[in-house]
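Asks: My questions will all concern the structure given below.
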Amino acid sequence: MNVLTTQHNELYNPTKRRASTVASSAVCISTVVYLIMSLAGYKAFGDAVDGDVLNSFPPGNPVVNVARVALSLVVIFSYPVVFHPARDSFLSLAPAAGLLSEERSKALIDGTAYGSILDMNMRTAIVVSYLTLSTLVALFCLDLDAVLGLAGATGATMICFIIPGACYVYAFPHAHLMRKLAWCQLVLGSVLGPVAVVAIILVAAGVVA
């Protein structure tokens with residue numbers, strides 16, 4: 001989701017159809033891979049499977065160690081892809097918080113303010129702050145199951161279900177099939193989000209096994 005704009009801009013002949021095809025293909029492939037991994041984990045370990053399925057395997061398994069190294073490489077090289085929109089999102093919200101002016105925020109996002117030492121220092125400060133916070137989390141938080149679960153139950157539900165459905169309902173007020181489907185998507189997200197949050201909290205608190 002965080003690279004759709006970049007992906008669209010980098011496409012050769014970025015038509016709506018081509019961009020939709022690329023986005024749909026990426027989502028379908030990711031879904032298949034995630035389903036295979038999750039089902040394989042439950043098939044192998046049942047309810048004893050760890051939140052990180054690699055932790056369920058013995059540490060001396062050479063194949064699993066290769067997978068661990070590969071996962072480390074994925075994290076290393078995907079971090080900049082995730083970090084770039086995170087920084088731009090912070091800069092776009094900074095004017096609303098009174099931290100930056102609209103003009104300065106736009107210049108920093110567009111990269112047209114490199115000539116100013118103050119603006120370069122601002123970009124550097126944001127980068128260092130994000131790196132420091134994410135490094136501290138990685139060092140001291142060994143189990144992020146509940147955190148990632150809550151992030152998915154709230155943020156992912158909003159992005160994938162509630163916001164798209166609400167936007168479509170608002171943008172197309174006349175009754176038709178797609179609007180009904182958008183309402184279904186909106187209602188489904190509004191139900192799934194709170195239910196998932198409650199379930200995650202109960203599991204984390206040990207109320208539910």
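Residue numbers start at 1 in each chain; chains themselves are named A, B, ... in the order of the structure tokens; ligands are numbered from 1 in the order shown.
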Give me, as a VMD selection string, all polymer residues having an atom no more than 8 Å from region 151-165 of chain A, counting only C-alpha atoms and skipping those fewer than 5 positions away in the same chain.

Replies: chain A and resid 182 to 190 192 to 194 196 to 197

Asks: Residues within 7 Å of region 135-147 of chain A, please, as a PyMOL selection string. Count only C-alpha atoms; anything in the same chain fewer than 2 positions from it doesn't count.

Replies: chain A and resi 51+131-133+149-151+200+204

Asks: What separation in Å, quoted to one decimal, exists between CA of Val81 (chain A) and CA of Asp50 (chain A)?

Replies: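 So the two atoms, CA of Val81 (chain A) and CA of Asp50 (chain A), lie 27.0 Å apart.
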
Asks: Taking the chain letters and numbering used in this document, name the residues of region 4-105 of chain A that DSSP puts in alpha helix (DSSP H), as JSON, numbers by chain.

Replies: {"A": [4, 5, 6, 7, 8, 9, 10, 16, 17, 18, 19, 20, 21, 22, 23, 24, 25, 26, 27, 28, 29, 30, 31, 32, 33, 34, 35, 36, 37, 38, 39, 40, 41, 42, 43, 44, 45, 62, 63, 64, 65, 66, 67, 68, 69, 70, 71, 72, 73, 74, 75, 76, 77, 78, 79, 80, 81, 82, 83, 84, 85, 86, 87, 88, 89, 90, 91, 92, 93, 102, 103, 104, 105]}

Asks: Any idea what the distance is between CA of Met122 (chain A) and CA of Leu99 (chain A)?

Replies: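 CA of Leu99 (chain A) lies 10.8 Å from CA of Met122 (chain A).
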
Asks: Determine the nearest neighbour of Ser89 (chain A) from the options A:Ala23, A:Val75, A:Leu108, A:Val191, counting only C-alpha atoms.

Replies: A:Leu108
